[in-house]
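Here's work.cif, which has mmCIF, C-alpha atoms and all ligand atoms:
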data_work
loop_
_atom_site.group_PDB
_atom_site.id
_atom_site.type_symbol
_atom_site.label_atom_id
_atom_site.label_comp_id
_atom_site.auth_asym_id
_atom_site.auth_seq_id
_atom_site.Cartn_x
_atom_site.Cartn_y
_atom_site.Cartn_z
ATOM 1 C CA MET A 6 14.570 -9.456 16.495
ATOM 2 C CA PRO A 7 15.279 -10.705 12.933
ATOM 3 C CA PRO A 8 13.928 -8.601 10.044
ATOM 4 C CA LYS A 9 10.384 -9.380 8.853
ATOM 5 C CA ASP A 10 10.145 -11.263 5.554
ATOM 6 C CA ILE A 11 7.642 -9.365 3.403
ATOM 7 C CA ILE A 12 6.244 -9.174 -0.113
ATOM 8 C CA ILE A 13 5.057 -5.736 -1.251
ATOM 9 C CA ASP A 14 2.119 -5.843 -3.676
ATOM 10 C CA THR A 15 1.845 -2.451 -5.288
ATOM 11 C CA ASP A 16 0.578 -0.061 -7.997
ATOM 12 C CA PRO A 17 3.264 2.701 -8.033
ATOM 13 C CA GLY A 18 2.187 5.524 -7.563
ATOM 14 C CA GLN A 19 4.355 8.129 -5.831
ATOM 15 C CA ASP A 20 3.149 7.094 -2.376
ATOM 16 C CA ASP A 21 3.821 3.435 -3.210
ATOM 17 C CA ALA A 22 7.370 4.539 -4.094
ATOM 18 C CA ALA A 23 7.727 6.080 -0.629
ATOM 19 C CA ALA A 24 6.574 2.809 0.946
ATOM 20 C CA ILE A 25 9.031 0.730 -1.103
ATOM 21 C CA LEU A 26 11.916 3.137 -0.366
ATOM 22 C CA LEU A 27 11.111 3.096 3.361
ATOM 23 C CA ALA A 28 11.254 -0.703 3.284
ATOM 24 C CA LEU A 29 14.534 -0.699 1.342
ATOM 25 C CA GLY A 30 16.031 1.809 3.787
ATOM 26 C CA SER A 31 15.176 -0.393 6.785
ATOM 27 C CA PRO A 32 17.060 -3.710 6.315
ATOM 28 C CA ASP A 33 17.283 -4.312 10.072
ATOM 29 C CA GLU A 34 13.509 -4.481 10.290
ATOM 30 C CA ILE A 35 12.428 -5.547 6.793
ATOM 31 C CA ASN A 36 13.657 -8.222 4.387
ATOM 32 C CA LEU A 37 11.898 -7.481 1.102
ATOM 33 C CA LEU A 38 11.543 -10.872 -0.605
ATOM 34 C CA GLY A 39 10.017 -9.400 -3.747
ATOM 35 C CA ILE A 40 7.658 -6.852 -5.253
ATOM 36 C CA THR A 41 4.519 -7.875 -7.143
ATOM 37 C CA ALA A 42 2.928 -5.208 -9.321
ATOM 38 C CA VAL A 43 -0.821 -4.915 -9.835
ATOM 39 C CA ALA A 44 -2.990 -2.705 -12.066
ATOM 40 C CA GLY A 45 -4.353 0.237 -10.098
ATOM 41 C CA ASN A 46 -3.148 3.832 -10.131
ATOM 42 C CA VAL A 47 -2.009 3.189 -13.714
ATOM 43 C CA PRO A 48 -2.117 0.058 -15.912
ATOM 44 C CA LEU A 49 0.097 -2.947 -15.085
ATOM 45 C CA ALA A 50 2.619 -2.176 -17.860
ATOM 46 C CA LEU A 51 3.438 1.029 -15.961
ATOM 47 C CA THR A 52 3.166 -0.226 -12.371
ATOM 48 C CA GLN A 53 5.636 -3.056 -13.025
ATOM 49 C CA LYS A 54 8.008 -0.590 -14.737
ATOM 50 C CA ASN A 55 7.643 1.963 -11.935
ATOM 51 C CA ALA A 56 8.410 -0.654 -9.289
ATOM 52 C CA ARG A 57 11.710 -1.382 -11.079
ATOM 53 C CA ILE A 58 12.444 2.341 -11.451
ATOM 54 C CA VAL A 59 12.077 2.749 -7.673
ATOM 55 C CA CYS A 60 14.353 -0.223 -6.926
ATOM 56 C CA GLU A 61 17.017 1.235 -9.246
ATOM 57 C CA LEU A 62 16.618 4.687 -7.648
ATOM 58 C CA ALA A 63 17.440 3.018 -4.316
ATOM 59 C CA GLY A 64 20.300 1.029 -5.856
ATOM 60 C CA LYS A 65 18.565 -2.221 -4.882
ATOM 61 C CA THR A 66 18.365 -4.045 -8.200
ATOM 62 C CA ASN A 67 18.612 -7.389 -6.392
ATOM 63 C CA VAL A 68 14.949 -7.164 -5.374
ATOM 64 C CA PRO A 69 12.899 -9.313 -7.797
ATOM 65 C CA VAL A 70 9.950 -7.513 -9.398
ATOM 66 C CA PHE A 71 7.011 -9.466 -10.835
ATOM 67 C CA ALA A 72 3.991 -8.451 -12.891
ATOM 68 C CA GLY A 73 0.699 -9.658 -11.428
ATOM 69 C CA CYS A 74 -2.889 -9.134 -12.536
ATOM 70 C CA ASP A 75 -3.669 -6.531 -15.197
ATOM 71 C CA ALA A 76 -7.360 -6.121 -14.316
ATOM 72 C CA PRO A 77 -9.717 -6.559 -11.361
ATOM 73 C CA LEU A 78 -11.364 -9.950 -10.801
ATOM 74 C CA VAL A 79 -14.636 -9.114 -12.538
ATOM 75 C CA ARG A 80 -14.803 -5.376 -13.156
ATOM 76 C CA LYS A 81 -13.244 -2.957 -15.624
ATOM 77 C CA LEU A 82 -10.031 -1.332 -14.375
ATOM 78 C CA VAL A 83 -10.353 2.183 -12.950
ATOM 79 C CA THR A 84 -7.073 4.117 -12.850
ATOM 80 C CA ALA A 85 -5.943 7.374 -11.183
ATOM 81 C CA GLU A 86 -3.779 9.286 -13.649
ATOM 82 C CA HIS A 87 -5.523 12.448 -12.449
ATOM 83 C CA VAL A 88 -3.666 11.981 -9.155
ATOM 84 C CA HIS A 89 -0.409 10.288 -10.158
ATOM 85 C CA GLY A 90 0.113 11.616 -13.711
ATOM 86 C CA LYS A 91 0.170 9.650 -16.952
ATOM 87 C CA THR A 92 3.288 7.632 -16.017
ATOM 88 C CA GLY A 93 2.061 6.986 -12.471
ATOM 89 C CA LEU A 94 5.372 8.327 -11.173
ATOM 90 C CA ASP A 95 5.261 11.904 -12.477
ATOM 91 C CA GLY A 96 7.514 14.431 -10.732
ATOM 92 C CA PRO A 97 11.200 13.557 -11.060
ATOM 93 C CA ALA A 98 12.815 12.646 -14.389
ATOM 94 C CA LEU A 99 13.905 9.078 -13.637
ATOM 95 C CA PRO A 100 15.505 6.798 -16.247
ATOM 96 C CA ASP A 101 13.746 3.741 -17.644
ATOM 97 C CA PRO A 102 14.803 0.631 -15.728
ATOM 98 C CA ASP A 103 17.679 -1.627 -16.808
ATOM 99 C CA MET A 104 16.801 -4.356 -14.307
ATOM 100 C CA SER A 105 14.563 -7.002 -15.865
ATOM 101 C CA LEU A 106 11.094 -7.982 -14.859
ATOM 102 C CA GLN A 107 10.856 -11.560 -13.552
ATOM 103 C CA ASP A 108 9.229 -14.041 -15.947
ATOM 104 C CA GLN A 109 7.112 -15.633 -13.222
ATOM 105 C CA HIS A 110 3.602 -14.207 -12.681
ATOM 106 C CA GLY A 111 3.345 -12.239 -9.447
ATOM 107 C CA VAL A 112 0.512 -14.401 -8.129
ATOM 108 C CA ASP A 113 2.611 -17.548 -8.648
ATOM 109 C CA PHE A 114 5.516 -15.873 -6.825
ATOM 110 C CA ILE A 115 3.252 -15.142 -3.844
ATOM 111 C CA ILE A 116 1.950 -18.735 -3.751
ATOM 112 C CA GLU A 117 5.379 -20.316 -4.272
ATOM 113 C CA THR A 118 7.038 -18.138 -1.619
ATOM 114 C CA LEU A 119 4.371 -18.877 0.975
ATOM 115 C CA ARG A 120 4.540 -22.628 0.296
ATOM 116 C CA ALA A 121 8.346 -22.677 0.352
ATOM 117 C CA ARG A 122 8.854 -20.765 3.593
ATOM 118 C CA PRO A 123 7.932 -21.803 7.147
ATOM 119 C CA VAL A 124 4.327 -21.212 8.157
ATOM 120 C CA GLU A 125 3.481 -17.709 9.387
ATOM 121 C CA THR A 126 6.819 -16.174 8.486
ATOM 122 C CA VAL A 127 5.841 -14.062 5.454
ATOM 123 C CA THR A 128 3.857 -10.802 5.688
ATOM 124 C CA LEU A 129 1.965 -9.576 2.625
ATOM 125 C CA CYS A 130 1.841 -5.782 2.200
ATOM 126 C CA PRO A 131 -0.739 -4.753 -0.424
ATOM 127 C CA LEU A 132 -0.567 -1.064 -1.356
ATOM 128 C CA GLY A 133 -3.047 -1.150 -4.255
ATOM 129 C CA PRO A 134 -6.156 -3.049 -5.335
ATOM 130 C CA LEU A 135 -6.248 -6.531 -3.756
ATOM 131 C CA THR A 136 -6.518 -8.419 -7.051
ATOM 132 C CA ASN A 137 -3.202 -10.307 -6.752
ATOM 133 C CA ILE A 138 -3.811 -11.288 -3.135
ATOM 134 C CA ALA A 139 -7.353 -12.501 -3.789
ATOM 135 C CA THR A 140 -6.278 -14.417 -6.896
ATOM 136 C CA ALA A 141 -3.536 -16.153 -4.906
ATOM 137 C CA LEU A 142 -6.033 -17.098 -2.176
ATOM 138 C CA GLN A 143 -8.513 -18.422 -4.772
ATOM 139 C CA ARG A 144 -5.866 -20.366 -6.696
ATOM 140 C CA ALA A 145 -4.182 -21.784 -3.559
ATOM 141 C CA PRO A 146 -6.514 -21.766 -0.542
ATOM 142 C CA ASP A 147 -3.819 -23.592 1.452
ATOM 143 C CA ILE A 148 -1.731 -20.406 1.653
ATOM 144 C CA ALA A 149 -4.231 -18.611 3.919
ATOM 145 C CA GLU A 150 -2.966 -20.388 7.031
ATOM 146 C CA ARG A 151 0.650 -19.858 5.926
ATOM 147 C CA ILE A 152 0.469 -16.043 5.781
ATOM 148 C CA GLN A 153 1.859 -14.348 8.926
ATOM 149 C CA GLU A 154 -0.272 -11.218 8.384
ATOM 150 C CA ILE A 155 -1.693 -8.973 5.664
ATOM 151 C CA VAL A 156 -0.864 -5.315 6.381
ATOM 152 C CA LEU A 157 -2.658 -3.221 3.775
ATOM 153 C CA MET A 158 -3.381 0.364 2.845
ATOM 154 C CA GLY A 159 -7.053 0.710 1.974
ATOM 155 C CA GLY A 160 -10.527 1.568 3.125
ATOM 156 C CA ALA A 161 -11.884 4.311 5.325
ATOM 157 C CA TYR A 162 -14.458 4.882 8.042
ATOM 158 C CA PHE A 163 -14.519 8.402 9.498
ATOM 159 C CA GLU A 164 -12.795 9.723 6.370
ATOM 160 C CA VAL A 165 -15.349 8.041 4.052
ATOM 161 C CA GLY A 166 -14.287 7.861 0.370
ATOM 162 C CA ASN A 167 -11.684 9.458 -1.878
ATOM 163 C CA ILE A 168 -12.689 8.023 -5.270
ATOM 164 C CA THR A 169 -16.444 8.025 -4.567
ATOM 165 C CA PRO A 170 -18.303 9.568 -1.622
ATOM 166 C CA ALA A 171 -18.282 6.100 0.002
ATOM 167 C CA ALA A 172 -15.147 4.250 -1.119
ATOM 168 C CA GLU A 173 -11.362 4.455 -0.961
ATOM 169 C CA PHE A 174 -9.562 3.810 -4.266
ATOM 170 C CA ASN A 175 -7.761 0.499 -3.556
ATOM 171 C CA ILE A 176 -10.934 -1.173 -2.323
ATOM 172 C CA TYR A 177 -13.162 0.481 -4.940
ATOM 173 C CA VAL A 178 -11.100 -0.733 -7.909
ATOM 174 C CA ASP A 179 -11.587 -4.396 -6.940
ATOM 175 C CA PRO A 180 -14.257 -4.793 -4.235
ATOM 176 C CA GLU A 181 -14.720 -8.503 -4.971
ATOM 177 C CA ALA A 182 -11.003 -9.050 -4.305
ATOM 178 C CA ALA A 183 -11.213 -7.076 -1.076
ATOM 179 C CA ASP A 184 -14.237 -9.147 -0.019
ATOM 180 C CA ILE A 185 -12.246 -12.364 -0.527
ATOM 181 C CA VAL A 186 -9.305 -11.010 1.490
ATOM 182 C CA PHE A 187 -11.408 -9.702 4.394
ATOM 183 C CA LYS A 188 -13.298 -13.040 4.573
ATOM 184 C CA SER A 189 -10.118 -15.156 4.279
ATOM 185 C CA GLY A 190 -9.552 -15.551 8.018
ATOM 186 C CA VAL A 191 -5.989 -14.264 7.600
ATOM 187 C CA LYS A 192 -4.731 -11.834 10.276
ATOM 188 C CA ILE A 193 -5.290 -8.368 8.746
ATOM 189 C CA THR A 194 -4.127 -4.904 9.757
ATOM 190 C CA VAL A 195 -5.677 -1.998 7.856
ATOM 191 C CA LEU A 196 -4.096 1.442 7.366
ATOM 192 C CA PRO A 197 -7.177 3.371 6.119
ATOM 193 C CA LEU A 198 -7.661 6.969 5.030
ATOM 194 C CA ASP A 199 -8.545 7.698 8.669
ATOM 195 C CA VAL A 200 -4.806 7.400 9.340
ATOM 196 C CA THR A 201 -3.270 8.323 5.985
ATOM 197 C CA HIS A 202 -5.169 11.593 5.720
ATOM 198 C CA LYS A 203 -3.315 12.690 8.866
ATOM 199 C CA VAL A 204 0.183 12.176 7.412
ATOM 200 C CA LEU A 205 0.241 15.281 5.223
ATOM 201 C CA VAL A 206 3.489 16.189 3.490
ATOM 202 C CA THR A 207 3.599 19.865 4.423
ATOM 203 C CA PRO A 208 6.171 22.237 2.840
ATOM 204 C CA GLU A 209 8.313 21.917 5.983
ATOM 205 C CA ARG A 210 8.365 18.137 5.606
ATOM 206 C CA ILE A 211 9.245 18.384 1.905
ATOM 207 C CA ASN A 212 12.064 20.772 2.848
ATOM 208 C CA ALA A 213 13.290 18.276 5.463
ATOM 209 C CA LEU A 214 13.513 15.671 2.688
ATOM 210 C CA ARG A 215 15.381 18.060 0.385
ATOM 211 C CA ALA A 216 17.739 19.029 3.219
ATOM 212 C CA GLN A 217 19.096 15.432 3.163
ATOM 213 C CA ALA A 218 20.579 16.308 -0.257
ATOM 214 C CA THR A 219 20.564 12.736 -1.551
ATOM 215 C CA PRO A 220 19.274 11.556 -4.963
ATOM 216 C CA VAL A 221 16.582 9.428 -3.283
ATOM 217 C CA CYS A 222 15.307 12.207 -1.019
ATOM 218 C CA ASP A 223 15.412 14.723 -3.862
ATOM 219 C CA ALA A 224 13.453 12.359 -6.124
ATOM 220 C CA MET A 225 10.938 11.685 -3.338
ATOM 221 C CA ALA A 226 10.483 15.432 -2.795
ATOM 222 C CA ASP A 227 9.923 15.891 -6.548
ATOM 223 C CA MET A 228 7.344 13.063 -6.523
ATOM 224 C CA VAL A 229 5.505 14.642 -3.609
ATOM 225 C CA ASP A 230 5.619 18.097 -5.225
ATOM 226 C CA PHE A 231 3.731 16.574 -8.162
ATOM 227 C CA PHE A 232 1.501 14.201 -6.187
ATOM 228 C CA GLU A 233 0.294 16.817 -3.696
ATOM 229 C CA ARG A 234 -1.237 19.240 -6.192
ATOM 230 C CA PHE A 235 -4.373 17.103 -6.587
ATOM 231 C CA ASP A 236 -5.054 16.564 -2.887
ATOM 232 C CA THR A 237 -4.251 20.129 -1.785
ATOM 233 C CA GLY A 238 -6.598 21.391 -4.518
ATOM 234 C CA LYS A 239 -9.339 18.956 -3.517
ATOM 235 C CA TYR A 240 -9.110 19.179 0.284
ATOM 236 C CA GLY A 241 -7.520 22.612 0.675
ATOM 237 C CA SER A 242 -4.996 20.851 2.916
ATOM 238 C CA ASP A 243 -1.432 21.934 3.683
ATOM 239 C CA GLY A 244 0.044 18.955 1.845
ATOM 240 C CA ALA A 245 -0.793 15.595 0.314
ATOM 241 C CA PRO A 246 -1.509 12.471 2.377
ATOM 242 C CA LEU A 247 1.304 9.909 2.039
ATOM 243 C CA HIS A 248 -0.882 6.814 2.139
ATOM 244 C CA ASP A 249 1.234 3.754 1.410
ATOM 245 C CA PRO A 250 4.368 4.301 3.549
ATOM 246 C CA CYS A 251 2.045 4.022 6.575
ATOM 247 C CA VAL A 252 2.126 0.260 5.868
ATOM 248 C CA THR A 253 5.915 0.040 5.968
ATOM 249 C CA ALA A 254 6.144 2.425 8.930
ATOM 250 C CA TYR A 255 3.682 0.181 10.801
ATOM 251 C CA LEU A 256 5.957 -2.818 10.247
ATOM 252 C CA ILE A 257 8.991 -0.878 11.507
ATOM 253 C CA LYS A 258 7.426 1.080 14.404
ATOM 254 C CA PRO A 259 3.885 -0.193 15.144
ATOM 255 C CA GLU A 260 3.844 1.991 18.245
ATOM 256 C CA LEU A 261 3.376 5.017 15.982
ATOM 257 C CA PHE A 262 -0.172 3.798 15.245
ATOM 258 C CA SER A 263 -3.299 2.959 17.235
ATOM 259 C CA GLY A 264 -6.576 1.315 16.268
ATOM 260 C CA ARG A 265 -9.197 -1.277 17.119
ATOM 261 C CA PHE A 266 -9.822 -4.941 16.297
ATOM 262 C CA ILE A 267 -13.234 -4.733 14.643
ATOM 263 C CA ASN A 268 -15.449 -6.210 11.972
ATOM 264 C CA VAL A 269 -14.874 -4.844 8.459
ATOM 265 C CA GLU A 270 -17.005 -5.920 5.537
ATOM 266 C CA ILE A 271 -16.911 -4.794 1.912
ATOM 267 C CA GLU A 272 -19.841 -3.475 -0.116
ATOM 268 C CA THR A 273 -19.901 -5.381 -3.425
ATOM 269 C CA LEU A 274 -23.555 -4.997 -4.480
ATOM 270 C CA SER A 275 -24.764 -1.413 -4.214
ATOM 271 C CA GLU A 276 -23.542 0.811 -7.067
ATOM 272 C CA LEU A 277 -24.025 3.800 -4.739
ATOM 273 C CA THR A 278 -21.649 2.557 -2.032
ATOM 274 C CA LEU A 279 -19.589 -0.002 -4.002
ATOM 275 C CA GLY A 280 -16.208 -0.639 -2.357
ATOM 276 C CA MET A 281 -17.148 0.900 0.987
ATOM 277 C CA THR A 282 -15.364 -0.644 3.986
ATOM 278 C CA VAL A 283 -18.242 -1.036 6.421
ATOM 279 C CA ALA A 284 -16.205 -0.811 9.626
ATOM 280 C CA ASP A 285 -18.022 -1.588 12.876
ATOM 281 C CA TRP A 286 -15.853 0.883 14.828
ATOM 282 C CA TRP A 287 -18.472 1.304 17.589
ATOM 283 C CA GLY A 288 -19.280 -2.400 17.908
ATOM 284 C CA VAL A 289 -22.973 -1.984 17.095
ATOM 285 C CA THR A 290 -23.297 -5.372 15.388
ATOM 286 C CA ASP A 291 -22.583 -8.933 16.445
ATOM 287 C CA ARG A 292 -20.402 -9.465 13.400
ATOM 288 C CA ALA A 293 -17.108 -11.098 14.399
ATOM 289 C CA PRO A 294 -14.038 -8.839 14.373
ATOM 290 C CA ASN A 295 -11.721 -9.699 11.459
ATOM 291 C CA ALA A 296 -9.239 -6.811 11.181
ATOM 292 C CA LYS A 297 -7.138 -4.415 13.206
ATOM 293 C CA PHE A 298 -8.345 -1.073 11.809
ATOM 294 C CA MET A 299 -5.998 1.828 12.524
ATOM 295 C CA GLY A 300 -7.432 5.175 13.540
ATOM 296 C CA ASP A 301 -4.542 7.381 14.693
ATOM 297 C CA VAL A 302 -0.842 7.992 14.098
ATOM 298 C CA ASP A 303 2.071 9.955 15.588
ATOM 299 C CA VAL A 304 2.454 12.147 12.496
ATOM 300 C CA GLN A 305 5.803 13.739 13.236
ATOM 301 C CA GLY A 306 7.184 10.408 14.425
ATOM 302 C CA PHE A 307 6.146 8.974 11.055
ATOM 303 C CA PHE A 308 7.883 11.720 9.066
ATOM 304 C CA ASN A 309 11.021 11.562 11.211
ATOM 305 C CA LEU A 310 11.241 7.825 10.466
ATOM 306 C CA LEU A 311 10.513 8.248 6.745
ATOM 307 C CA THR A 312 13.098 11.006 6.286
ATOM 308 C CA GLU A 313 15.796 9.273 8.348
ATOM 309 C CA ARG A 314 15.419 5.956 6.498
ATOM 310 C CA LEU A 315 15.211 7.422 2.978
ATOM 311 C CA ALA A 316 18.355 9.433 3.730
ATOM 312 C CA ARG A 317 20.205 6.138 4.275
ATOM 313 C CA LEU A 318 19.704 5.034 0.643
HETATM 314 O O1 LIG B 1 -6.524 5.690 -1.820
HETATM 315 C C1 LIG B 1 -5.121 5.744 -1.743
HETATM 316 C C2 LIG B 1 -4.512 4.525 -2.350
HETATM 317 O O2 LIG B 1 -4.870 4.458 -3.730
HETATM 318 C C3 LIG B 1 -2.969 4.550 -2.331
HETATM 319 O O3 LIG B 1 -2.483 3.229 -2.250
HETATM 320 C C4 LIG B 1 -2.628 5.141 -3.663
HETATM 321 O O4 LIG B 1 -1.333 4.730 -4.133
HETATM 322 C C5 LIG B 1 -3.693 4.538 -4.528
HETATM 323 O O5 LIG B 1 -3.265 3.212 -4.883
HETATM 324 CA CA CA B 2 -0.941 2.401 -3.967
#

Starting from the file, give its structure as structure tokens.
Ligand code: RIB
Ligand code: CA
Amino acid sequence: MPPKDIIIDTDPGQDDAAAILLALGSPDEINLLGITAVAGNVPLALTQKNARIVCELAGKTNVPVFAGCDAPLVRKLVTAEHVHGKTGLDGPALPDPDMSLQDQHGVDFIIETLRARPVETVTLCPLGPLTNIATALQRAPDIAERIQEIVLMGGAYFEVGNITPAAEFNIYVDPEAADIVFKSGVKITVLPLDVTHKVLVTPERINALRAQATPVCDAMADMVDFFERFDTGKYGSDGAPLHDPCVTAYLIKPELFSGRFINVEIETLSELTLGMTVADWWGVTDRAPNAKFMGDVDVQGFFNLLTERLARL
């Protein structure tokens, strides 16, 4: 099977870094065509810089990095420095990037790549707010039928919200963008909090990373050491959830995950539940299914894969 051609759309973010590193450590399964940064965890000026820092950490400076949208479609940007630190990549002391940012806008890169490559051969992997993806779909509706699949981290059902009682951060930051994506008709697979809150980076798992004794695994362990303090304090859990690498792990070993093809709609009107992914998990409506919504994961299988692939870099 040839590697999957993908574009990662991201707001690094320590967990985004894990997802990018997992992709870069898996060239037999993933061909990373480019990385488009979006405003989310921290402002765009930092997410585009952090994406380049991660590529340099992995020694993969050939991966083009683009800056995309610096604000949600219609709302004010909400960021998450309280989780990720003021740089968005707090933890390890990593040098500023030497590799340059591409001049082209990230949204134009997405459109151009989809139009240039054969139909249904490029997978989009959003790991942050869906602003870039929605903007590309609005600006070039013809690309919808050209996308192989959108595999995204976002939303929640049984786990409800992490930024409000009802909403997960990526969807909450730009609910209008999420609404456009979920109504686009594109094949969508969702890795929600229901799955990501199961992949907790316990001390044993951090130690397994450090035991690899490589600069990448050490840096990842330092990122997690920083990143986990918020979630362990909030949930009293034995480690932080590593949200975004669930997307890359799904592309590499989908058998690690299970879920249902259901209807998912986005709340864009109520201030109380803004950004909620209203997932018809029990099929109680006649709304047409539009997304494969993951509900479970082989947790140790996930961490074995993550550790083994990061150790290759
Ligand atoms: O809610 C978790 C998501 O929000 C992750 O993608 C994390 O990086 C933040 O973007
Ligand atoms: Ca993210």

Worksheet item: ligand CA 2 (chain B): which residues are within 6 Å, counting all atoms listed in the file, as a count of residues only?
Response: 8

Worksheet item: By how many Å are CA of Leu198 (chain A) and atom C4 of ligand LIG 1 (chain B) apart?
Response: 10.2 Å

Worksheet item: Closest to Thr126 (chain A) among A:Ala284, A:Leu38, A:Leu82, A:Leu51, using all atoms listed in the file?
Response: A:Leu38

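Using all atoms listed in the file, the shortest contact distance between Val200 (chain A) and any of A:Ala293, A:Ala141, A:Val304, A:Leu78 is found at A:Val304.
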
Worksheet item: Of the candidates A:Asp236, A:Glu260, A:Asp303, A:Glu173, which one gets nearest to ligand LIG 1 (chain B) if we count all atoms listed in the file?
Response: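 Closest to ligand LIG 1 (chain B), using all atoms listed in the file: A:Glu173.
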
Per-residue nearest contacts of chain A to ligand LIG 1 (chain B) (10 Å; all atoms listed in the file) as a tab-separated table:
residue	atom	partner	partner_atom	distance
A:Thr15	CA	B:LIG1	O5	7.6
A:Asp16	CA	B:LIG1	O5	5.9
A:Pro17	CA	B:LIG1	O4	6.4
A:Gly18	CA	B:LIG1	O4	5.0
A:Gln19	CA	B:LIG1	O4	6.8
A:Asp20	CA	B:LIG1	O4	5.4
A:Asp21	CA	B:LIG1	O4	5.4
A:Ala22	CA	B:LIG1	O4	8.7
A:Ala23	CA	B:LIG1	O4	9.8
A:Ala24	CA	B:LIG1	O4	9.6
A:Val43	CA	B:LIG1	O5	9.8
A:Ala44	CA	B:LIG1	O5	9.3
A:Gly45	CA	B:LIG1	O5	6.1
A:Asn46	CA	B:LIG1	O5	5.3
A:Val47	CA	B:LIG1	O5	8.9
A:Thr84	CA	B:LIG1	O5	8.9
A:Ala85	CA	B:LIG1	C5	7.6
A:Val88	CA	B:LIG1	C5	8.8
A:His89	CA	B:LIG1	O4	8.2
A:Gly93	CA	B:LIG1	O4	9.3
A:Pro131	CA	B:LIG1	O3	8.4
A:Leu132	CA	B:LIG1	O3	4.8
A:Gly133	CA	B:LIG1	O5	4.4
A:Pro134	CA	B:LIG1	O5	6.9
A:Leu157	CA	B:LIG1	O3	8.8
A:Met158	CA	B:LIG1	O3	5.9
A:Gly159	CA	B:LIG1	O1	6.3
A:Gly160	CA	B:LIG1	O1	7.6
A:Ala161	CA	B:LIG1	O1	9.0
A:Gly166	CA	B:LIG1	O1	8.4
A:Asn167	CA	B:LIG1	O1	6.4
A:Ile168	CA	B:LIG1	O1	7.4
A:Ala172	CA	B:LIG1	O1	8.8
A:Glu173	CA	B:LIG1	O1	5.1
A:Phe174	CA	B:LIG1	O1	4.3
A:Asn175	CA	B:LIG1	O2	4.9
A:Ile176	CA	B:LIG1	O1	8.2
A:Tyr177	CA	B:LIG1	O1	9.0
A:Val178	CA	B:LIG1	O2	9.1
A:Leu196	CA	B:LIG1	O3	9.9
A:Pro197	CA	B:LIG1	O1	8.3
A:Leu198	CA	B:LIG1	O1	7.1
A:Thr201	CA	B:LIG1	C1	8.4
A:His202	CA	B:LIG1	C1	9.5
A:Pro246	CA	B:LIG1	C1	8.7
A:Leu247	CA	B:LIG1	C3	8.1
A:His248	CA	B:LIG1	C3	5.4
A:Asp249	CA	B:LIG1	O3	5.2
A:Pro250	CA	B:LIG1	O3	9.0
A:Cys251	CA	B:LIG1	O3	10.0
A:Val252	CA	B:LIG1	O3	9.8

Discussion item. Evaluated on this file, the PyMOL selection byres (((chain A and resi 135) around 6) and not hetatm) picks out some residues - which ones are they, written as an MDAnalysis selection string?
Written reply: chainID A and resid 134 136:138 182:183

Store the residues picked out above in a file with C-alpha atoms, as a PDB file, in the frame of the given file.
ATOM      1  CA  PRO A 134      -6.156  -3.049  -5.335  1.00  0.00           C
ATOM      2  CA  THR A 136      -6.518  -8.419  -7.051  1.00  0.00           C
ATOM      3  CA  ASN A 137      -3.202 -10.307  -6.752  1.00  0.00           C
ATOM      4  CA  ILE A 138      -3.811 -11.288  -3.135  1.00  0.00           C
ATOM      5  CA  ALA A 182     -11.003  -9.050  -4.305  1.00  0.00           C
ATOM      6  CA  ALA A 183     -11.213  -7.076  -1.076  1.00  0.00           C
TER       7      ALA A 183
END
